[in-house]
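Colleague: Pasting structure-v3.txt here (compact mmCIF, C-alpha atoms and all ligand atoms):
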# COMPACT_ATOMS: atom_id res chain seq x y z
CA MET R 1 24.78 61.05 44.63
CA PRO R 2 23.85 63.72 47.35
CA LYS R 3 21.28 62.22 49.77
CA ASN R 4 18.56 64.75 49.07
CA LEU R 5 18.51 63.71 45.39
CA LEU R 6 17.92 60.08 46.21
CA LEU R 7 14.23 59.44 45.57
CA THR R 8 12.20 56.87 47.43
CA ARG R 9 10.67 54.23 45.15
CA ARG R 10 7.27 55.83 45.80
CA GLN R 11 8.54 59.30 44.82
CA ALA R 12 10.17 57.86 41.69
CA LEU R 13 6.89 56.18 40.76
CA GLN R 14 4.94 59.37 41.39
CA LEU R 15 7.42 61.34 39.27
CA GLY R 16 7.22 58.70 36.58
CA LEU R 17 3.46 58.80 36.50
CA GLY R 18 3.62 62.57 36.62
CA ALA R 19 6.01 62.60 33.68
CA CYS R 20 3.78 60.20 31.80
CA ALA R 21 0.77 62.31 32.64
CA GLY R 22 2.69 65.34 31.42
CA LEU R 23 3.65 63.52 28.25
CA VAL R 24 0.08 62.41 27.71
CA ALA R 25 -1.11 65.95 28.36
CA SER R 26 1.38 67.36 25.87
CA LEU R 27 0.49 64.70 23.33
CA LYS R 28 -3.16 65.42 23.99
CA SER R 29 -2.46 69.09 23.55
CA LYS R 30 -0.65 68.19 20.29
CA ASP R 31 -3.75 66.18 19.29
CA ILE R 32 -5.94 69.07 20.30
CA TYR R 33 -3.71 71.47 18.37
CA ALA R 34 -3.73 69.19 15.35
CA ASN R 35 -7.50 68.89 15.60
CA LEU R 36 -7.91 72.64 15.93
CA LYS R 37 -5.65 73.09 12.89
CA ILE R 38 -7.77 70.65 10.90
CA LEU R 39 -11.05 72.16 12.08
CA ALA R 40 -9.70 75.56 10.99
CA LEU R 41 -9.72 74.15 7.46
CA ASP R 42 -13.50 74.12 7.63
CA ASP R 43 -15.23 77.33 6.60
CA PRO R 44 -18.96 76.95 7.29
CA SER R 45 -19.63 80.18 5.41
CA ARG R 46 -18.21 78.71 2.21
CA ASP R 47 -21.03 78.28 -0.27
CA PHE R 48 -20.82 75.53 -2.91
CA THR R 49 -24.07 76.27 -4.73
CA VAL R 50 -24.02 75.56 -8.45
CA SER R 51 -25.99 77.02 -11.33
CA GLN R 52 -28.85 74.86 -12.54
CA GLY R 53 -28.32 71.92 -14.90
CA GLY R 54 -25.35 70.33 -16.59
CA SER R 55 -23.31 67.27 -15.76
CA LEU R 56 -19.60 67.61 -15.07
CA LYS R 57 -18.69 66.70 -18.64
CA GLU R 58 -21.15 69.29 -19.99
CA ARG R 59 -19.88 72.07 -17.73
CA ALA R 60 -16.27 71.18 -18.63
CA ALA R 61 -17.00 70.98 -22.36
CA ALA R 62 -18.60 74.46 -22.24
CA LYS R 63 -15.08 75.74 -21.47
CA GLY R 64 -13.21 73.42 -23.84
CA ILE R 65 -12.13 71.11 -21.01
CA ILE R 66 -12.30 67.28 -21.05
CA TYR R 67 -13.59 65.72 -17.81
CA GLY R 68 -13.33 62.02 -17.14
CA ALA R 69 -12.65 59.42 -14.49
CA ALA R 70 -10.85 56.17 -13.84
CA GLY R 71 -12.88 52.99 -13.52
CA ARG R 72 -12.28 49.30 -12.84
CA TYR R 73 -13.42 46.44 -15.07
CA PRO R 74 -14.83 44.26 -12.23
CA ASP R 75 -16.83 47.22 -10.85
CA PHE R 76 -18.15 48.10 -14.31
CA VAL R 77 -19.21 44.55 -15.16
CA LEU R 78 -21.14 44.24 -11.89
CA ASN R 79 -22.69 47.70 -11.47
CA PRO R 80 -24.83 49.12 -14.30
CA ASN R 81 -25.94 51.94 -11.98
CA LEU R 82 -22.29 52.91 -11.56
CA THR R 83 -21.55 52.80 -15.27
CA ALA R 84 -24.64 54.94 -15.94
CA CYS R 85 -22.98 57.65 -13.80
CA TYR R 86 -19.82 57.47 -15.92
CA ALA R 87 -21.90 57.81 -19.07
CA ARG R 88 -23.69 60.83 -17.55
CA GLU R 89 -20.74 62.64 -15.96
CA CYS R 90 -17.71 61.70 -18.08
CA VAL R 91 -16.48 62.19 -21.62
CA LEU R 92 -13.29 60.16 -20.97
CA LEU R 93 -12.58 56.82 -19.34
CA VAL R 94 -9.24 55.45 -18.13
CA PRO R 95 -9.10 51.86 -16.83
CA GLU R 96 -7.59 51.89 -13.33
CA TRP R 97 -6.26 48.34 -13.71
CA SER R 98 -6.80 46.84 -17.15
CA PHE R 99 -3.65 48.13 -18.84
CA LYS R 100 -1.35 47.34 -15.92
CA TRP R 101 0.92 44.39 -16.48
CA PHE R 102 -0.61 42.66 -13.45
CA ILE R 103 -3.18 43.29 -10.69
CA GLU R 104 -3.57 40.40 -8.27
CA TRP R 105 -7.05 38.92 -7.99
CA TYR R 106 -8.77 38.25 -4.68
CA PRO R 107 -11.16 35.30 -4.21
CA LYS R 108 -13.71 37.66 -2.64
CA TRP R 109 -14.02 39.43 -5.99
CA PRO R 110 -17.00 37.89 -7.85
CA VAL R 111 -15.43 38.74 -11.23
CA ALA R 112 -11.97 37.75 -12.44
CA ASN R 113 -9.97 40.86 -13.29
CA HIS R 114 -8.01 39.28 -16.17
CA PRO R 115 -4.51 40.73 -15.62
CA LEU R 116 -2.99 41.85 -18.92
CA ARG R 117 0.23 39.82 -18.67
CA PRO R 118 -0.46 36.41 -17.12
CA SER R 119 2.81 34.96 -18.50
CA PRO R 120 5.97 36.06 -20.35
CA GLU R 121 4.52 34.86 -23.66
CA SER R 122 0.87 35.82 -23.25
CA PHE R 123 -1.49 38.78 -23.14
CA ASP R 124 -5.06 38.66 -21.76
CA PHE R 125 -6.98 41.55 -23.32
CA THR R 126 -10.38 40.48 -21.91
CA ALA R 127 -10.67 43.36 -19.45
CA ALA R 128 -9.04 46.01 -21.65
CA ASP R 129 -11.19 45.04 -24.64
CA TRP R 130 -14.34 45.18 -22.49
CA MET R 131 -13.44 48.66 -21.24
CA ALA R 132 -12.57 49.81 -24.78
CA LYS R 133 -15.95 48.55 -26.00
CA PHE R 134 -17.73 50.32 -23.11
CA ALA R 135 -15.97 53.57 -24.02
CA GLN R 136 -16.86 53.20 -27.69
CA THR R 137 -20.52 52.34 -26.90
CA HIS R 138 -20.86 55.44 -24.71
CA ASN R 139 -18.84 57.76 -26.96
CA LEU R 140 -16.14 58.16 -24.33
CA LEU R 141 -12.56 59.11 -25.11
CA PHE R 142 -10.36 56.20 -24.04
CA ARG R 143 -7.06 56.60 -22.19
CA GLY R 144 -4.39 54.03 -21.45
CA HIS R 145 -2.48 53.83 -18.17
CA PRO R 146 0.38 52.88 -18.06
CA LEU R 147 2.52 51.09 -20.64
CA ILE R 148 5.81 51.19 -18.69
CA TRP R 149 5.93 51.40 -14.86
CA GLN R 150 7.98 49.70 -12.14
CA VAL R 151 4.86 48.84 -10.08
CA SER R 152 2.20 46.15 -10.64
CA LEU R 153 4.59 43.93 -12.55
CA PRO R 154 3.61 40.23 -12.75
CA PRO R 155 5.09 37.59 -10.43
CA TRP R 156 7.04 36.07 -13.37
CA PHE R 157 8.73 39.38 -14.24
CA LYS R 158 11.60 39.32 -11.74
CA GLU R 159 12.90 35.86 -12.65
CA THR R 160 12.30 36.31 -16.38
CA VAL R 161 13.34 39.81 -17.47
CA ASN R 162 17.05 40.65 -17.49
CA ARG R 163 19.63 42.89 -19.14
CA GLN R 164 19.71 40.76 -22.27
CA ASN R 165 15.96 40.58 -22.93
CA ALA R 166 14.51 43.70 -21.24
CA GLU R 167 14.40 45.70 -24.48
CA LYS R 168 12.58 42.85 -26.24
CA PHE R 169 10.00 42.67 -23.44
CA MET R 170 9.47 46.47 -23.40
CA VAL R 171 9.22 46.86 -27.17
CA GLU R 172 6.97 43.83 -27.62
CA HIS R 173 4.66 44.95 -24.77
CA ILE R 174 4.22 48.45 -26.17
CA GLN R 175 3.81 47.24 -29.75
CA ARG R 176 1.22 44.60 -28.81
CA VAL R 177 -0.80 46.78 -26.39
CA ALA R 178 -0.61 50.22 -28.02
CA GLY R 179 -0.81 48.60 -31.45
CA ARG R 180 -4.02 46.73 -30.56
CA TYR R 181 -5.89 49.94 -29.76
CA ALA R 182 -4.18 52.19 -32.30
CA GLY R 183 -6.48 54.95 -33.49
CA LYS R 184 -8.88 54.41 -30.57
CA MET R 185 -6.87 56.10 -27.80
CA HIS R 186 -7.10 59.69 -26.56
CA SER R 187 -3.79 59.27 -24.77
CA TRP R 188 -1.30 56.87 -23.21
CA ASP R 189 0.73 57.21 -20.06
CA VAL R 190 3.73 55.73 -21.83
CA VAL R 191 5.98 56.00 -18.76
CA ASN R 192 4.62 56.46 -15.24
CA GLU R 193 6.49 57.81 -12.15
CA ALA R 194 10.09 57.68 -13.45
CA ILE R 195 11.34 60.33 -11.00
CA ASN R 196 12.04 59.79 -7.28
CA ILE R 197 13.79 62.63 -5.41
CA TYR R 198 14.39 60.51 -2.30
CA GLU R 199 16.69 57.83 -3.78
CA GLY R 200 19.63 59.99 -4.84
CA HIS R 201 19.99 58.50 -8.34
CA PRO R 202 21.52 60.79 -11.01
CA ASP R 203 18.75 63.01 -12.39
CA ALA R 204 16.56 61.65 -9.58
CA LEU R 205 15.58 58.69 -11.77
CA GLN R 206 13.37 56.17 -9.96
CA THR R 207 14.82 52.71 -9.31
CA SER R 208 13.21 50.47 -11.87
CA PRO R 209 14.08 47.26 -13.73
CA TRP R 210 13.79 49.27 -16.92
CA LEU R 211 16.43 51.75 -15.70
CA GLU R 212 18.60 48.93 -14.35
CA PHE R 213 18.57 46.90 -17.57
CA LEU R 214 18.27 49.60 -20.25
CA GLY R 215 19.72 52.74 -18.63
CA PRO R 216 18.09 56.21 -18.60
CA ASN R 217 17.35 55.94 -22.32
CA TYR R 218 14.52 53.48 -21.59
CA ILE R 219 12.22 56.49 -21.35
CA ASP R 220 13.02 57.85 -24.81
CA LEU R 221 12.81 54.33 -26.29
CA ALA R 222 9.37 53.75 -24.77
CA TYR R 223 7.94 56.92 -26.33
CA ARG R 224 9.47 56.23 -29.75
CA VAL R 225 8.01 52.69 -29.83
CA ALA R 226 4.62 53.98 -28.64
CA ALA R 227 4.60 56.73 -31.31
CA GLU R 228 5.26 54.11 -33.98
CA ALA R 229 2.58 51.77 -32.57
CA ASP R 230 -0.09 54.49 -32.35
CA PRO R 231 0.74 57.75 -34.18
CA ASN R 232 -2.67 59.19 -33.21
CA ALA R 233 -2.50 58.99 -29.42
CA LEU R 234 -1.31 61.81 -27.15
CA LEU R 235 1.81 60.41 -25.46
CA VAL R 236 1.97 61.47 -21.83
CA TYR R 237 4.53 61.40 -19.03
CA ASN R 238 2.61 60.92 -15.74
CA ASP R 239 3.82 61.57 -12.19
CA PHE R 240 2.85 62.89 -8.74
CA GLY R 241 4.01 65.33 -6.03
CA PHE R 242 3.84 68.79 -7.64
CA GLU R 243 0.99 70.52 -5.86
CA TYR R 244 2.40 71.93 -2.64
CA GLU R 245 4.78 74.74 -1.60
CA ASP R 246 7.25 72.61 0.41
CA THR R 247 10.91 71.91 -0.49
CA ASN R 248 10.30 68.28 -1.50
CA SER R 249 7.71 69.46 -3.99
CA ASP R 250 10.26 72.04 -5.20
CA LYS R 251 12.75 69.21 -5.82
CA LYS R 252 10.18 67.05 -7.62
CA ARG R 253 9.06 69.92 -9.85
CA ALA R 254 12.68 70.76 -10.73
CA ALA R 255 13.63 67.14 -11.48
CA VAL R 256 10.58 66.48 -13.66
CA LEU R 257 10.99 69.78 -15.53
CA LYS R 258 14.60 68.76 -16.28
CA LEU R 259 13.41 65.37 -17.53
CA LEU R 260 10.79 66.95 -19.78
CA GLU R 261 13.33 69.48 -21.11
CA ARG R 262 15.80 66.65 -21.84
CA LEU R 263 13.17 64.60 -23.65
CA LYS R 264 11.94 67.54 -25.70
CA SER R 265 15.52 68.53 -26.64
CA LYS R 266 16.17 64.96 -27.85
CA GLY R 267 13.07 65.05 -30.01
CA THR R 268 11.34 62.35 -27.94
CA PRO R 269 7.72 62.09 -29.17
CA ILE R 270 6.08 63.25 -25.91
CA HIS R 271 3.00 65.47 -26.21
CA ALA R 272 1.59 65.97 -22.73
CA PHE R 273 2.42 65.93 -19.03
CA GLY R 274 0.14 64.24 -16.51
CA ILE R 275 -0.09 65.58 -12.95
CA GLN R 276 -1.74 62.91 -10.82
CA ALA R 277 -2.92 65.33 -8.08
CA HIS R 278 -3.70 62.88 -5.29
CA LEU R 279 -4.43 65.66 -2.79
CA SER R 280 -4.89 65.69 0.96
CA GLY R 281 -7.84 67.29 2.68
CA ARG R 282 -5.44 68.32 5.47
CA ALA R 283 -3.14 70.30 3.17
CA THR R 284 -3.84 73.84 2.07
CA SER R 285 -1.73 75.59 -0.52
CA SER R 286 -1.53 78.87 -2.39
CA TYR R 287 -0.61 76.74 -5.41
CA LYS R 288 1.75 79.63 -6.33
CA LYS R 289 4.70 77.38 -7.14
CA LEU R 290 2.42 74.92 -8.94
CA ARG R 291 1.09 77.67 -11.20
CA LYS R 292 4.67 78.72 -12.12
CA PHE R 293 5.55 75.08 -12.79
CA LEU R 294 2.51 74.65 -15.04
CA SER R 295 3.59 77.70 -17.02
CA ASP R 296 7.15 76.34 -17.34
CA VAL R 297 5.83 72.97 -18.59
CA ALA R 298 3.46 74.68 -21.02
CA SER R 299 6.38 76.72 -22.41
CA LEU R 300 7.90 73.40 -23.54
CA GLY R 301 4.92 73.03 -25.86
CA LEU R 302 3.34 70.28 -23.77
CA GLN R 303 -0.36 69.88 -23.04
CA ILE R 304 -1.10 69.37 -19.34
CA MET R 305 -3.56 66.83 -17.90
CA ILE R 306 -4.70 66.41 -14.32
CA THR R 307 -4.80 62.62 -14.43
CA GLU R 308 -5.71 61.10 -11.03
CA LEU R 309 -7.43 63.82 -9.00
CA ASP R 310 -8.89 62.89 -5.64
CA VAL R 311 -8.78 64.38 -2.13
CA THR R 312 -8.19 61.98 0.73
CA ASP R 313 -10.11 62.67 3.95
CA GLU R 314 -7.70 60.64 6.09
CA GLU R 315 -7.53 62.16 9.60
CA LEU R 316 -10.24 64.75 8.83
CA PRO R 317 -13.04 64.98 11.43
CA SER R 318 -15.59 62.19 11.56
CA ASP R 319 -18.41 64.70 11.03
CA ILE R 320 -19.35 64.10 7.39
CA THR R 321 -20.72 67.62 6.88
CA VAL R 322 -17.41 69.16 7.99
CA ARG R 323 -15.33 66.57 6.12
CA ASP R 324 -17.22 67.02 2.84
CA ARG R 325 -16.93 70.82 3.08
CA ILE R 326 -13.15 70.67 3.62
CA ILE R 327 -12.74 68.22 0.72
CA ALA R 328 -14.90 70.37 -1.56
CA GLY R 329 -12.83 73.42 -0.70
CA VAL R 330 -9.63 71.64 -1.75
CA TYR R 331 -11.24 70.52 -5.04
CA GLU R 332 -12.43 74.03 -5.92
CA ASP R 333 -9.23 75.82 -4.84
CA PHE R 334 -6.96 73.37 -6.69
CA LEU R 335 -9.02 73.30 -9.89
CA SER R 336 -9.42 77.08 -9.90
CA ALA R 337 -5.62 77.37 -9.70
CA VAL R 338 -4.78 74.85 -12.43
CA LEU R 339 -7.58 75.82 -14.83
CA ASN R 340 -6.11 79.31 -15.04
CA GLU R 341 -3.33 77.68 -17.10
CA PRO R 342 -4.66 77.42 -20.71
CA ALA R 343 -2.46 74.34 -21.37
CA VAL R 344 -4.53 72.36 -18.83
CA LYS R 345 -7.06 70.67 -21.10
CA THR R 346 -8.08 67.52 -19.25
CA ILE R 347 -9.28 66.83 -15.69
CA ILE R 348 -9.61 63.20 -14.60
CA THR R 349 -10.67 62.05 -11.14
CA TRP R 350 -9.28 58.76 -9.89
CA GLY R 351 -12.69 57.20 -9.68
CA LEU R 352 -16.17 58.72 -9.54
CA SER R 353 -17.81 57.23 -6.44
CA ASP R 354 -16.55 56.75 -2.87
CA GLY R 355 -17.67 53.14 -3.13
CA TYR R 356 -14.89 52.40 -5.61
CA THR R 357 -11.66 54.09 -4.52
CA TYR R 358 -8.21 52.72 -3.77
CA HIS R 359 -8.17 54.95 -0.67
CA THR R 360 -10.43 52.43 1.09
CA ASP R 361 -7.52 49.99 1.15
CA PHE R 362 -4.58 52.38 0.89
CA HIS R 363 -5.65 55.22 3.21
CA PRO R 364 -8.38 53.94 5.56
CA ARG R 365 -9.63 56.35 8.22
CA SER R 366 -8.51 55.74 11.81
CA ASP R 367 -12.16 56.01 12.92
CA GLY R 368 -13.07 53.17 10.54
CA MET R 369 -15.64 55.31 8.73
CA PRO R 370 -15.90 54.92 4.93
CA VAL R 371 -13.65 57.34 3.05
CA ARG R 372 -15.21 60.16 1.01
CA PRO R 373 -12.58 61.38 -1.54
CA LEU R 374 -14.63 61.51 -4.77
CA PRO R 375 -17.50 63.49 -6.41
CA LEU R 376 -20.25 60.88 -5.80
CA ASP R 377 -21.02 59.09 -2.54
CA THR R 378 -21.38 55.33 -2.12
CA ASP R 379 -25.04 55.66 -3.20
CA LEU R 380 -23.88 57.42 -6.38
CA LYS R 381 -25.36 60.73 -5.21
CA PRO R 382 -23.44 63.95 -5.93
CA LYS R 383 -21.61 65.44 -2.92
CA LEU R 384 -20.22 68.92 -2.25
CA ALA R 385 -17.10 67.69 -4.06
CA TRP R 386 -19.26 67.36 -7.17
CA ASN R 387 -20.48 70.94 -6.66
CA ALA R 388 -16.92 72.16 -6.19
CA ILE R 389 -15.74 70.58 -9.44
CA ALA R 390 -18.82 71.92 -11.27
CA ARG R 391 -18.17 75.43 -9.92
CA ALA R 392 -14.52 75.27 -10.99
CA PHE R 393 -15.58 74.33 -14.54
CA ASP R 394 -18.31 77.01 -14.60
CA ASN R 395 -15.81 79.69 -13.51
CA ALA R 396 -12.87 78.48 -15.64
CA PRO R 397 -11.59 80.60 -18.53
CA ASN R 398 -12.47 79.27 -21.96
CA ARG R 399 -9.84 77.14 -23.72
O1 LIG I 401 -9.47 44.84 -2.98
C1 LIG I 401 -8.34 44.17 -2.44
C2 LIG I 401 -8.58 43.87 -0.96
O2 LIG I 401 -9.65 42.93 -0.84
C3 LIG I 401 -7.33 43.30 -0.34
O3 LIG I 401 -7.52 43.11 1.06
C4 LIG I 401 -6.18 44.27 -0.57
C5 LIG I 401 -4.90 43.69 -0.01
O4 LIG I 401 -3.87 44.61 -0.29
O5 LIG I 401 -5.99 44.49 -1.99
C6 LIG I 401 -7.13 45.07 -2.59
O6 LIG I 401 -6.89 45.24 -3.97
C7 LIG I 401 -5.87 46.19 -4.25
C8 LIG I 401 -6.50 47.38 -4.96
O7 LIG I 401 -5.50 48.33 -5.37
C9 LIG I 401 -7.46 48.11 -4.04
O8 LIG I 401 -7.88 49.29 -4.68
C10 LIG I 401 -4.85 45.53 -5.14
O9 LIG I 401 -4.19 44.53 -4.40
C11 LIG I 401 -3.83 46.59 -5.57
O10 LIG I 401 -2.92 46.02 -6.50
C12 LIG I 401 -4.52 47.78 -6.23
O11 LIG I 401 -3.54 48.77 -6.43
C13 LIG I 401 -3.75 49.74 -7.45
C14 LIG I 401 -2.41 50.46 -7.53
O12 LIG I 401 -2.47 51.59 -8.42
C15 LIG I 401 -1.32 49.54 -8.05
O13 LIG I 401 -1.57 49.23 -9.39
C16 LIG I 401 -4.86 50.71 -7.07
O14 LIG I 401 -6.15 50.12 -7.15
C17 LIG I 401 -4.81 51.93 -7.99
O15 LIG I 401 -5.76 52.91 -7.58
C18 LIG I 401 -3.41 52.53 -7.96
O16 LIG I 401 -3.41 53.64 -8.83
C19 LIG I 401 -2.12 54.31 -8.90
C20 LIG I 401 -1.89 54.69 -10.36
O17 LIG I 401 -1.92 53.53 -11.17
C21 LIG I 401 -0.57 55.45 -10.49
N1 LIG I 401 -0.56 56.62 -9.61
C22 LIG I 401 -0.81 56.31 -8.18
C23 LIG I 401 -2.15 55.60 -8.05
C24 LIG I 401 -2.48 55.31 -6.59
O18 LIG I 401 -1.54 54.44 -6.05
Let me see whether you can do it: turn the structure in this file into C-alpha cells.
Modeller:
Amino acid sequence: MPKNLLLTRRQALQLGLGACAGLVASLKSKDIYANLKILALDDPSRDFTVSQGGSLKERAAAKGIIYGAAGRYPDFVLNPNLTACYARECVLLVPEWSFKWFIEWYPKWPVANHPLRPSPESFDFTAADWMAKFAQTHNLLFRGHPLIWQVSLPPWFKETVNRQNAEKFMVEHIQRVAGRYAGKMHSWDVVNEAINIYEGHPDALQTSPWLEFLGPNYIDLAYRVAAEADPNALLVYNDFGFEYEDTNSDKKRAAVLKLLERLKSKGTPIHAFGIQAHLSGRATSSYKKLRKFLSDVASLGLQIMITELDVTDEELPSDITVRDRIIAGVYEDFLSAVLNEPAVKTIITWGLSDGYTYHTDFHPRSDGMPVRPLPLDTDLKPKLAWNAIARAFDNAPNR
C-alpha cells in the first residue's frame, strides 16, 4: 500500500471517531428529519369543537350508524365507573377476550378471566355469559369475536387437534358457542384474519391449523355451521391492513376481495366484512384506495363494519396536546372517508379508555409515557379523539 495512505494509529482512531461522529450526526439528522415529519402531522389550527350534547352512540344513531366498543370481562367486573361509560357511549359491546379459545391469565390480575376452552372436552362460559348479561341489562347489541382464528388457541390444542379430528373440533366449537347465544347476537366474526400476503400461500391464505387440517374449505364450512347454529346473527369476515395507499395494502385488499368474491360465488352464508382499522398516528393517507375497496366490497352485497378502530400514538411526540391533536386528526379523517360509503353501518373502537388498551403491552411508547389511542383518557374523560369521532358522526351522511 503506498506510504502516504498508511495511517498512524492515532489518525485511524481520529478518522474512526470522525466517521462515528458523522454517522451519529446523520442518524441524528435522520431522527431530526423523522421528528420534523411527525411534528408536521400536527396542525394547531385544526379545530375539534363539537356541537352541544349527545353521546357517541346518540350522534351515530342520528345518522343510522351503530357505535360500540370492545371491553374485557376482568375490567368490567372490577370497574363500575368504566362500565357506566360503555352504557353511556355505546350501543354495541364486543368482548375483547371472552369468546377467544384461550387468553392466558396473569397472577397480578385480581379476577380470573375464565378462558372459554380450558380443555378439549370443556367450555367455560363464565366470562362470556357475564358479558352477554351486561349487554342485555344495558340494552347493548352483542357481538362475538372470533369463532375461528389461528391465534389465542389453548395450550392443549397443538397436541390434541389433528387432520382426523379437526373438523369435529371446529364444528363442535361453533355449534356450542354460537348455539348458546343464538338469537342474542348482532354479529359474529366467524373467521378472523385468514389472509396473509407475506407467506406466499396460494390465494394468500394464512398459515393456520384449520387450513393445514381441513384445506381452504375450512372457511366456507365455518360459515355454514355458524349460520345453522344462529340464523339471526350477521356473519362477518374480519381482517386488517386495508387503510393505506402502499403496495402491501394493495395486495391485501386484492387478496381479501378475491376471498370474498369466492365465498359469495359459492353461496357461503357471509353477510358482512369487518375492517379492523388499527391505525397509526404517524401515517397519513388520502384513503383513496380504501374508498374504492369499500365500494368494491359493497358491490358484493356485503355490509361493512369498522371493527377494531384505534390510533396508536407510538413514536408520536411526548407532548400530550400535540399527540392528542394528531390522533384526533387521524380519527376524523379516517371516519369521514369510510362513512361516505353507505354500506358502512357499524363503527367499533377497540376499547373505550386509554386505561384498558392492548397497546399498553403491545405498542408501548419509547418514552415510557402511557399510551393514548382511544376516545376516553385513563380518568374516563373524553379527549380530542372523542370530539373527532363525534364530529365524524355529526357530519356523516344519513344511512
Ligand atoms: O396484561 C398482561 C401483562 O401483565 C403481561 O405482562 C403481558 C405479557 O405478554 O400480557 C398481558 O396480557 C395480554 C393482553 O393481550 C394485554 O392486552 C395477554 O397475554 C394477550 O393474550 C392479550 O392479547 C390479546 C390479543 O388480541 C390476542 O388474543 C389482546 O388483548 C387483544 O387486544 C388482541 O386483539 C386482537 C383481535 O382479537 C384481532 N385483531 C387484532 C387485535 C390486536 O392484536
Colleague: Could you give me, as an MDAnalysis selection string, the residues within 12 Å of Asp377 of chain R, counting all atoms listed in the file and dropping anything in the same chain fewer than 5 positions from it?
Modeller: chainID R and resid 82 85 320 324 351:357 370:372 382:386
Colleague: For the residues in the current selection, export C-alpha atoms as a JSON list (two decimals), in the coordinates of the input.
Modeller:
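Output saved as out-v1.json:
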[["chain", "number", "residue", "atom", "x", "y", "z"],
["R", 82, "LEU", "CA", -22.29, 52.91, -11.56],
["R", 85, "CYS", "CA", -22.98, 57.65, -13.80],
["R", 320, "ILE", "CA", -19.35, 64.10, 7.39],
["R", 324, "ASP", "CA", -17.22, 67.02, 2.84],
["R", 351, "GLY", "CA", -12.69, 57.20, -9.68],
["R", 352, "LEU", "CA", -16.17, 58.72, -9.54],
["R", 353, "SER", "CA", -17.81, 57.23, -6.44],
["R", 354, "ASP", "CA", -16.55, 56.75, -2.87],
["R", 355, "GLY", "CA", -17.67, 53.14, -3.13],
["R", 356, "TYR", "CA", -14.89, 52.40, -5.61],
["R", 357, "THR", "CA", -11.66, 54.09, -4.52],
["R", 370, "PRO", "CA", -15.90, 54.92, 4.93],
["R", 371, "VAL", "CA", -13.65, 57.34, 3.05],
["R", 372, "ARG", "CA", -15.21, 60.16, 1.01],
["R", 382, "PRO", "CA", -23.44, 63.95, -5.93],
["R", 383, "LYS", "CA", -21.61, 65.44, -2.92],
["R", 384, "LEU", "CA", -20.22, 68.92, -2.25],
["R", 385, "ALA", "CA", -17.10, 67.69, -4.06],
["R", 386, "TRP", "CA", -19.26, 67.36, -7.17]]
Colleague: Given only C-alpha atoms as the basis, pick out the residue of R:Ile65, R:Val322, R:Leu140, R:Ala283 nearest to Val94 of chain R.
Modeller: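 Going through R:Ile65, R:Val322, R:Leu140, R:Ala283 one by one, the smallest distance to Val94 of chain R is for R:Leu140.
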Colleague: Return the padded bounding box of ligand LIG 401 (chain I) as lines of an AutoDock Vina configuration file: axis-aligned, built from all atoms listed in the file, 5 Å added on each side, with centre and edge lengths in Å to one decimal.
Modeller:
center_x = -5.1
center_y = 49.8
center_z = -5.1
size_x = 19.1
size_y = 23.7
size_z = 22.2
Colleague: Taking into account only C-alpha atoms, which residue in the set R:Arg399, R:Glu314, R:Asn238, R:Gly144 is nearest to Asp361 of chain R?
Modeller: R:Glu314
Colleague: Expressed in Å to a single decimal, how great is the separation between atom CA of Ala204 of chain R and atom CA of Ala255 of chain R?
Modeller: 6.5 Å
Colleague: Considering only C-alpha atoms, can you say which of R:Asn395, R:Glu58, R:Leu39, R:Pro375 comes closest to Arg282 of chain R?
Modeller: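 Counting only C-alpha atoms, the residue closest to Arg282 of chain R is R:Leu39.
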Colleague: Write as a count of residues only the residues around ligand LIG 401 (chain I), taking 7 Å as the cut-off and counting all atoms listed in the file.
Modeller: 15
Colleague: Kindly indicate which residue among R:Ser295, R:Ser45, R:Asn35, R:Thr137 lies nearest to Phe273 of chain R, using only C-alpha atoms for the distances.
Modeller: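 Among R:Ser295, R:Ser45, R:Asn35, R:Thr137, it is R:Ser295 that comes nearest to Phe273 of chain R.
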